[in-house]
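Dumped work-v4.txt below, it's compact mmCIF, C-alpha atoms:
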```
# COMPACT_ATOMS: atom_id res chain seq x y z
CA MET S 1156 122.84 61.94 112.42
CA MET S 1157 119.34 62.89 111.22
CA GLY S 1158 118.26 59.30 111.81
CA LEU S 1159 119.61 59.47 115.36
CA ILE S 1160 117.56 62.58 116.13
CA HIS S 1161 114.51 61.03 114.47
CA ARG S 1162 114.70 57.83 116.55
CA MET S 1163 115.77 59.43 119.84
CA PRO S 1164 113.22 58.22 122.44
CA PHE S 1165 114.06 60.55 125.38
CA ARG S 1166 112.61 57.94 127.79
CA GLY S 1167 111.98 59.20 131.29
CA MET S 1168 112.07 62.85 130.28
CA LYS S 1169 108.88 64.86 130.71
CA ASN S 1170 109.76 67.25 127.91
CA GLY S 1171 111.55 64.72 125.71
CA GLY S 1172 109.39 65.38 122.65
CA PHE S 1173 109.84 69.11 123.04
CA LEU S 1174 113.62 68.75 123.20
CA GLN S 1175 113.55 66.38 120.24
CA GLY S 1176 111.78 69.03 118.15
CA ILE S 1177 114.22 71.75 119.23
CA GLY S 1178 117.15 69.42 118.51
CA LEU S 1179 115.87 68.67 115.03
CA THR S 1180 115.57 72.36 114.12
CA ILE S 1181 119.04 73.05 115.56
CA LEU S 1182 120.50 70.21 113.50
CA LEU S 1183 118.88 71.43 110.28
CA SER S 1184 119.97 75.02 110.92
CA ILE S 1185 123.59 73.91 111.44
CA ILE S 1186 123.55 71.83 108.25
CA ALA S 1187 122.06 74.85 106.43
CA LYS S 1188 124.85 77.05 107.77
CA LEU S 1189 127.51 74.64 106.51
CA LEU S 1190 125.86 74.23 103.11
CA ALA S 1191 125.65 78.01 102.76
CA TYR S 1192 129.45 78.10 102.49
CA LEU S 1193 129.31 76.21 99.19
CA PRO S 1194 129.65 78.39 96.03
CA PHE S 1195 126.18 78.12 94.52
CA LEU S 1196 124.32 77.57 97.77
CA SER S 1197 125.88 80.71 99.26
CA ILE S 1198 123.59 82.68 96.95
CA MET S 1199 120.57 81.06 98.56
CA GLY S 1200 121.76 81.71 102.10
CA GLN S 1201 121.25 79.87 105.37
CA LEU S 1202 117.57 80.77 105.82
CA VAL S 1203 116.49 79.55 102.40
CA ILE S 1204 118.45 76.32 102.73
CA ALA S 1205 117.00 75.70 106.20
CA ILE S 1206 113.39 75.87 105.05
CA LEU S 1207 114.12 73.62 102.05
CA LEU S 1208 115.88 71.13 104.34
CA GLY S 1209 112.82 71.11 106.59
CA ILE S 1210 110.53 70.33 103.66
CA LEU S 1211 112.93 67.64 102.40
CA TYR S 1212 113.31 66.04 105.83
CA ARG S 1213 109.55 65.76 106.24
CA ALA S 1214 109.18 64.27 102.77
CA VAL S 1215 111.89 61.64 103.37
CA ARG S 1216 111.71 60.84 107.08
CA GLY S 1217 108.45 62.25 108.34
CA VAL S 1218 108.13 64.26 111.56
CA PRO S 1219 107.61 62.53 114.94
CA VAL S 1220 104.32 63.61 116.55
CA GLN S 1221 105.95 64.11 119.94
CA ALA S 1222 108.42 66.59 118.41
CA GLN S 1223 105.72 69.00 117.19
CA SER S 1224 105.76 71.18 120.32
CA GLY S 1225 109.50 71.81 120.06
CA ILE S 1226 109.25 72.50 116.33
CA ALA S 1227 106.41 74.97 116.95
CA PHE S 1228 108.50 76.68 119.65
CA SER S 1229 111.34 77.17 117.15
CA SER S 1230 109.09 78.43 114.35
CA LYS S 1231 107.21 80.90 116.56
CA ARG S 1232 109.01 81.89 119.77
CA LEU S 1233 112.64 81.66 118.66
CA LEU S 1234 111.68 83.44 115.46
CA ARG S 1235 110.85 86.59 117.42
CA PHE S 1236 114.19 86.59 119.23
CA GLY S 1237 115.94 86.15 115.89
CA ILE S 1238 114.14 89.15 114.40
CA ILE S 1239 114.95 91.28 117.46
CA LEU S 1240 118.66 90.50 117.18
CA LEU S 1241 118.52 91.15 113.43
CA GLY S 1242 118.06 94.82 114.32
CA LEU S 1243 121.79 94.90 115.16
CA LYS S 1244 122.44 94.83 111.39
CA LEU S 1245 120.84 98.23 111.00
CA ASN S 1246 122.68 101.51 111.52
CA VAL S 1247 120.29 104.43 111.18
CA LEU S 1248 123.14 106.86 110.46
CA ASP S 1249 124.17 104.87 107.37
CA ILE S 1250 120.65 105.26 106.00
CA ALA S 1251 120.66 108.99 106.78
CA HIS S 1252 124.02 109.47 105.04
CA ALA S 1253 122.77 107.64 101.93
CA GLY S 1254 120.39 110.52 101.27
CA TYR S 1255 116.69 111.06 100.79
CA LYS S 1256 116.77 109.81 97.19
CA VAL S 1257 117.84 106.34 98.28
CA VAL S 1258 115.12 106.28 100.95
CA ALA S 1259 112.58 107.47 98.37
CA ILE S 1260 113.53 104.71 95.92
CA ALA S 1261 113.23 102.08 98.66
CA ALA S 1262 109.81 103.39 99.73
CA ILE S 1263 108.46 103.65 96.18
CA ASN S 1264 109.64 100.13 95.34
CA ILE S 1265 108.08 98.66 98.48
CA VAL S 1266 104.66 100.26 98.00
CA PHE S 1267 104.62 99.47 94.28
CA THR S 1268 105.59 95.83 94.77
CA ILE S 1269 103.14 95.13 97.59
CA VAL S 1270 100.26 96.58 95.56
CA VAL S 1271 101.24 94.80 92.33
CA VAL S 1272 102.05 91.36 93.76
CA TYR S 1273 99.01 91.35 96.05
CA GLY S 1274 96.82 92.46 93.12
CA LEU S 1275 98.23 89.71 90.92
CA ALA S 1276 97.72 87.15 93.68
CA LYS S 1277 94.07 88.16 94.03
CA TRP S 1278 93.64 87.95 90.25
CA LEU S 1279 95.13 84.45 90.33
CA LYS S 1280 92.75 83.57 93.18
CA VAL S 1281 95.51 83.02 95.74
CA ASP S 1282 94.35 83.04 99.37
CA LYS S 1283 94.49 86.58 100.78
CA ARG S 1284 97.00 85.77 103.52
CA LEU S 1285 99.39 83.87 101.26
CA GLY S 1286 99.16 86.60 98.61
CA LEU S 1287 99.98 89.28 101.17
CA LEU S 1288 102.92 87.30 102.56
CA THR S 1289 104.34 86.82 99.06
CA ALA S 1290 103.90 90.52 98.32
CA CYS S 1291 105.63 91.64 101.53
CA GLY S 1292 108.47 89.15 101.14
CA THR S 1293 109.10 90.29 97.57
CA ALA S 1294 108.88 93.97 98.48
CA ILE S 1295 110.78 94.22 101.77
CA CYS S 1296 113.30 91.60 102.85
CA GLY S 1297 112.40 88.10 101.74
CA ALA S 1298 111.74 85.33 104.24
CA ALA S 1299 112.35 87.58 107.26
CA ALA S 1300 109.50 89.86 106.14
CA VAL S 1301 107.21 86.89 105.53
CA VAL S 1302 107.68 85.50 109.03
CA ALA S 1303 107.40 88.96 110.61
CA ILE S 1304 104.15 89.77 108.83
CA ALA S 1305 102.58 86.32 109.33
CA PRO S 1306 101.50 86.86 112.97
CA GLN S 1307 99.89 90.14 111.96
CA ILE S 1308 97.45 88.49 109.59
CA LYS S 1309 97.12 85.20 111.51
CA ALA S 1310 98.61 83.20 108.65
CA LYS S 1311 98.79 79.42 108.93
CA ASP S 1312 102.18 77.78 109.28
CA GLU S 1313 101.90 76.15 105.86
CA GLU S 1314 101.08 79.55 104.27
CA THR S 1315 104.06 81.15 106.00
CA ALA S 1316 106.39 78.37 104.89
CA VAL S 1317 105.17 78.42 101.28
CA GLY S 1318 105.38 82.23 101.15
CA ALA S 1319 108.93 82.25 102.55
CA ALA S 1320 110.13 79.47 100.24
CA THR S 1321 108.52 81.06 97.17
CA VAL S 1322 110.16 84.43 97.76
CA ALA S 1323 113.50 82.80 98.56
CA ILE S 1324 113.52 80.77 95.34
CA LEU S 1325 112.58 83.84 93.29
CA GLY S 1326 115.36 85.84 94.93
CA THR S 1327 117.90 83.17 94.04
CA ILE S 1328 116.79 83.16 90.38
CA PHE S 1329 117.03 86.94 90.13
CA THR S 1330 120.41 86.98 91.87
CA LEU S 1331 121.83 84.72 89.17
CA ALA S 1332 120.18 86.87 86.48
CA TYR S 1333 121.69 90.09 87.91
CA THR S 1334 125.21 88.69 87.96
CA LEU S 1335 124.87 87.68 84.30
CA LEU S 1336 123.29 90.99 83.24
CA TYR S 1337 125.67 93.27 85.16
CA PRO S 1338 127.99 93.97 82.19
CA LEU S 1339 124.99 94.80 79.99
CA LEU S 1340 123.11 97.16 82.32
CA GLY S 1341 125.38 100.15 81.76
CA LEU S 1342 125.24 101.20 85.41
CA THR S 1343 128.05 102.78 87.42
CA VAL S 1344 129.33 101.06 90.54
CA THR S 1345 127.12 103.27 92.72
CA GLY S 1346 124.12 102.89 90.43
CA TYR S 1347 124.43 99.12 90.33
CA GLY S 1348 124.70 98.95 94.11
CA ILE S 1349 121.54 101.04 94.55
CA PHE S 1350 119.70 99.03 91.90
CA THR S 1351 120.64 95.72 93.52
CA GLY S 1352 119.83 96.77 97.08
CA ALA S 1353 116.51 98.32 96.05
CA THR S 1354 115.15 95.36 94.11
CA LEU S 1355 116.48 92.02 95.38
CA HIS S 1356 114.81 89.98 98.11
CA GLU S 1357 117.14 88.65 100.83
CA VAL S 1358 120.25 90.35 102.24
CA ALA S 1359 122.21 87.28 101.07
CA HIS S 1360 120.88 87.80 97.53
CA VAL S 1361 121.93 91.46 97.57
CA ILE S 1362 125.46 90.65 98.73
CA ALA S 1363 125.91 87.92 96.13
CA ALA S 1364 124.51 89.98 93.23
CA ALA S 1365 126.42 93.17 94.12
CA ALA S 1366 129.79 91.40 94.35
CA PRO S 1367 130.63 91.74 90.60
CA GLY S 1368 130.47 95.53 91.01
CA GLY S 1369 133.21 95.53 93.63
CA GLN S 1370 133.33 96.81 97.21
CA GLY S 1371 131.77 100.19 96.35
CA ALA S 1372 128.71 98.54 94.83
CA LEU S 1373 128.50 96.07 97.71
CA ASP S 1374 128.58 98.75 100.41
CA MET S 1375 125.90 100.84 98.70
CA ALA S 1376 123.74 97.76 98.01
CA VAL S 1377 123.77 96.75 101.68
CA ILE S 1378 122.86 100.27 102.84
CA VAL S 1379 119.91 100.44 100.42
CA LYS S 1380 118.81 96.94 101.37
CA LEU S 1381 118.89 97.75 105.08
CA THR S 1382 116.82 100.84 104.33
CA ARG S 1383 114.14 98.48 103.03
CA VAL S 1384 114.60 96.25 106.09
CA ALA S 1385 114.00 99.29 108.34
CA MET S 1386 110.67 99.87 106.61
CA LEU S 1387 109.52 96.46 107.81
CA VAL S 1388 108.39 98.10 111.06
CA PRO S 1389 105.91 100.67 109.68
CA ILE S 1390 104.71 98.26 106.99
CA ALA S 1391 104.04 95.55 109.60
CA LEU S 1392 102.08 98.02 111.73
CA VAL S 1393 100.03 99.29 108.79
CA ILE S 1394 99.23 95.76 107.60
CA GLY S 1395 98.33 94.68 111.13
CA PHE S 1396 95.88 97.53 111.61
CA TRP S 1397 94.47 97.05 108.11
CA ASP S 1398 93.92 93.33 108.66
CA GLY S 1399 92.39 93.99 112.07
CA ARG S 1400 90.01 96.51 110.57
CA GLN S 1401 88.98 94.05 107.86
CA ALA S 1402 88.38 91.39 110.50
CA ARG S 1403 86.22 93.76 112.55
CA LYS S 1404 84.16 94.64 109.47
CA GLU S 1405 83.56 90.96 108.78
CA GLN S 1406 82.63 90.41 112.42
CA GLN S 1407 80.14 93.29 112.33
CA GLN S 1408 78.57 91.92 109.16
CA GLU S 1409 78.26 88.50 110.78
CA LEU S 1410 76.63 90.01 113.87
CA GLN S 1411 74.19 91.97 111.72
CA GLY S 1412 73.33 88.81 109.82
CA GLN S 1413 72.53 87.13 113.13
CA LYS S 1414 70.59 90.21 114.32
CA GLN S 1415 72.97 90.78 117.21
CA GLN S 1416 73.78 94.41 116.56
CA GLY S 1417 73.37 95.16 120.25
CA GLN S 1418 76.62 93.41 121.11
CA ILE S 1419 79.47 95.87 121.57
CA HIS S 1420 83.07 94.84 121.13
CA ARG S 1421 85.08 96.67 123.78
CA PHE S 1422 88.48 97.97 122.86
CA LYS S 1423 91.38 96.13 124.48
CA TRP S 1424 95.02 97.10 124.12
CA ARG S 1425 96.17 93.50 124.08
CA GLU S 1426 94.03 92.89 121.00
CA LEU S 1427 95.88 95.50 118.98
CA PRO S 1428 97.59 93.73 116.05
CA VAL S 1429 101.01 95.16 116.94
CA PRO S 1430 104.06 92.92 116.57
CA TRP S 1431 105.68 93.97 119.84
CA PHE S 1432 108.88 92.13 118.99
CA ILE S 1433 109.35 94.61 116.14
CA PHE S 1434 110.05 97.27 118.76
CA GLY S 1435 112.83 95.03 120.03
CA PHE S 1436 114.20 95.13 116.48
CA LEU S 1437 114.12 98.95 116.61
CA LEU S 1438 115.78 98.96 120.03
CA MET S 1439 118.63 96.79 118.76
CA SER S 1440 119.12 99.03 115.73
CA GLY S 1441 119.35 101.98 118.12
CA VAL S 1442 121.94 100.13 120.19
CA ASN S 1443 123.99 99.45 117.05
CA THR S 1444 123.69 103.05 115.89
CA LEU S 1445 124.93 104.38 119.24
CA GLY S 1446 127.91 102.01 119.19
CA ILE S 1447 127.23 100.75 122.72
CA ILE S 1448 128.23 97.15 121.93
CA PRO S 1449 131.66 96.26 120.44
CA ASP S 1450 131.68 95.13 116.81
CA GLU S 1451 132.92 91.66 117.77
CA VAL S 1452 129.95 91.13 120.07
CA ILE S 1453 127.52 92.40 117.42
CA SER S 1454 128.99 89.98 114.89
CA ALA S 1455 128.49 87.09 117.31
CA LEU S 1456 124.92 88.16 118.09
CA LEU S 1457 124.12 88.39 114.37
CA VAL S 1458 125.38 84.83 113.90
CA LEU S 1459 123.03 83.83 116.73
CA SER S 1460 120.23 85.81 115.08
CA TYR S 1461 120.60 83.95 111.80
CA MET S 1462 120.85 80.65 113.66
CA LEU S 1463 117.55 81.35 115.46
CA LEU S 1464 115.93 82.45 112.21
CA ALA S 1465 117.26 79.35 110.47
CA MET S 1466 115.77 77.18 113.24
CA ALA S 1467 112.45 78.96 112.67
CA MET S 1468 112.70 78.40 108.91
CA ALA S 1469 113.51 74.72 109.46
CA GLY S 1470 110.50 74.47 111.77
CA LEU S 1471 108.25 76.01 109.13
CA GLY S 1472 109.64 73.67 106.48
CA LEU S 1473 108.97 70.67 108.73
CA GLY S 1474 105.32 71.70 108.76
CA VAL S 1475 104.92 71.58 104.97
CA ASP S 1476 104.65 68.48 102.85
CA VAL S 1477 105.59 68.49 99.18
CA ALA S 1478 101.97 68.03 98.11
CA THR S 1479 100.95 71.17 100.02
CA PHE S 1480 103.81 73.13 98.48
CA ARG S 1481 102.76 72.02 95.00
CA ARG S 1482 99.13 72.88 95.73
CA LEU S 1483 99.74 76.30 97.28
CA GLY S 1484 103.03 77.43 95.78
CA LYS S 1485 102.42 77.61 92.02
CA LYS S 1486 100.17 80.68 91.78
CA PRO S 1487 102.05 82.75 94.41
CA PHE S 1488 105.23 81.95 92.48
CA TYR S 1489 103.74 83.35 89.28
CA ALA S 1490 102.53 86.48 91.10
CA GLY S 1491 105.95 86.95 92.72
CA LEU S 1492 107.77 86.32 89.44
CA ILE S 1493 105.80 88.95 87.50
CA GLY S 1494 106.05 91.34 90.44
CA SER S 1495 109.82 90.84 90.69
CA VAL S 1496 110.28 91.57 86.97
CA LEU S 1497 108.26 94.77 87.34
CA LEU S 1498 110.16 95.69 90.53
CA SER S 1499 113.51 95.27 88.75
CA SER S 1500 112.30 97.39 85.83
CA LEU S 1501 111.01 100.12 88.14
CA GLY S 1502 114.20 100.09 90.20
CA PHE S 1503 116.34 100.45 87.08
CA LEU S 1504 114.24 103.41 85.87
CA LEU S 1505 114.32 105.12 89.28
CA VAL S 1506 118.12 104.94 89.49
CA HIS S 1507 118.23 106.96 86.25
CA ALA S 1508 115.27 109.21 87.13
CA PHE S 1509 116.86 110.24 90.44
CA GLY S 1510 120.25 110.81 88.79
CA LEU S 1511 122.00 108.18 90.93
CA ASN S 1512 123.88 106.49 88.11
```
Go ahead and express the file in the form of structure tokens.
Amino acid sequence: MMGLIHRMPFRGMKNGGFLQGIGLTILLSIIAKLLAYLPFLSIMGQLVIAILLGILYRAVRGVPVQAQSGIAFSSKRLLRFGIILLGLKLNVLDIAHAGYKVVAIAAINIVFTIVVVYGLAKWLKVDKRLGLLTACGTAICGAAAVVAIAPQIKAKDEETAVGAATVAILGTIFTLAYTLLYPLLGLTVTGYGIFTGATLHEVAHVIAAAAPGGQGALDMAVIVKLTRVAMLVPIALVIGFWDGRQARKEQQQELQGQKQQGQIHRFKWRELPVPWFIFGFLLMSGVNTLGIIPDEVISALLVLSYMLLAMAMAGLGLGVDVATFRRLGKKPFYAGLIGSVLLSSLGFLLVHAFGLN
């Protein structure tokens, strides 16, 4: 089937290459969805599998040049629609009912992890954009955070793909570690749920790791995790403005070096580094909170959301060759690994410090 898509000529069709690229990402996302039902691969989740399939497909088959436009459409445009629909997962009332302590733990963990992982990445001489993507993915919500932050800092596709894959692999490793360590942690069902939701990367990782604690741990873990997902919006805005400010400083220095201080950069609203699709995410979370749409429809839209995100992940994977991943991925992995260990340690301490065990 992959070979059929790869060889499909689309003769006589003006947009044949575009459709070929879209078709390839759809195919990989469907395969990822099916593989995600398997026992071990279910821990990784559809998004992680999709990006790995994209990398594997490129390494084995190569990517047709004429399909690039369709692949780019999936990895950029469809990505935004997927993130918007992902807002339907979030119920603001659930977060409010969880209490301020849970929100505080989520916020502390996010800020701590971004600072630590980004600092480690700089120390390891990782490119600024890739280091920031790895930090945000580790701190907030895995691959979804990476691809949401990427437009803010004008990250390259290969940086986005490597960042998403790195965080996803780390999350899978820590998910397996949590399930093995659960009997030894000495946490209550509620405490373990909070600990898991506050420290693991993807929603799929949280669900898989919390399962040994039972339904009570699972419910609490998902609420805490979605609290972190909700913080994607303010974090994305802050990072966007910060990166824009850094860029303007560099531009001013360049102008001064060229003795062109007289040039004035006029403010334009469209140049604001605001991810407008994030407000669609907020709108959808509001719709879910108000209960306007039936649960069955929301479930179907969330399936569509993950399918669109999986297509975007596959598209990103198709843009990365194995050599690039080896070249760029090693140091971010080390930074994310150390940061994840510290995040888990901090999360465990905060559960006890806040009296939530």
Per residue of range 1303-1411 of chain S within 7 Å of range 1257-1275 of chain S, which atom pair is closest and at what distance in Å (one decimal), using only C-alpha atoms, listed by chain and increasing number, as a Markdown table?
```
| residue | atom | partner | partner_atom | distance |
| --- | --- | --- | --- | --- |
| S:Ala1353 | CA | S:Ala1261 | CA | 5.6 |
| S:Val1379 | CA | S:Val1257 | CA | 6.6 |
| S:Thr1382 | CA | S:Val1258 | CA | 6.6 |
| S:Arg1383 | CA | S:Ala1261 | CA | 5.7 |
```
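Interatomic distance, CA of Gly1225 in chain S against CA of Ile1177 in chain S: 4.8 Å.
In terms of minimum interatomic distance to Ala1366 in chain S, S:Leu1331 ranks closest within S:Ile1250, S:Leu1245, S:Leu1331, S:Leu1279, counting all atoms listed in the file.
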What are the closest atom pairs, with distances in Å to one decimal, for all residues of range 1278-1356 of chain S lying within 8 Å of range 1481-1489 of chain S? Consider all atoms listed in the file, order rows by chain and residue number, and present the result as CSV.
```
residue,atom,partner,partner_atom,distance
S:Leu1279,CA,S:Lys1486,CA,6.5
S:Val1281,CA,S:Lys1486,CA,6.5
S:Leu1285,CA,S:Pro1487,CA,7.4
S:Gly1286,CA,S:Pro1487,CA,6.4
S:Thr1289,CA,S:Pro1487,CA,6.6
S:Glu1314,CA,S:Leu1483,CA,7.8
S:Val1317,CA,S:Gly1484,CA,6.0
S:Gly1318,CA,S:Pro1487,CA,7.5
S:Thr1321,CA,S:Phe1488,CA,5.8
S:Val1322,CA,S:Phe1488,CA,7.6
S:Leu1325,CA,S:Phe1488,CA,7.6
```
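Shortest separation to Leu1498 in chain S among S:Leu1437, S:Cys1296, S:Ala1478, S:Leu1355 occurs at residue S:Leu1355, atoms counted being all atoms listed in the file.
Here CA of Lys1309 in chain S stands at a distance of 11.5 Å from CA of Leu1287 in chain S.
Straight-line separation from CA of Leu1501 in chain S to CA of Gln1307 in chain S: 28.1 Å.
Only residues having an atom at most 9 Å from (120.3, 112.5, 95.4) are included; using all atoms listed in the file, these are Ala1253, Gly1254, Tyr1255, Lys1256, Val1257, Phe1509, Gly1510 and Leu1511 of chain S.
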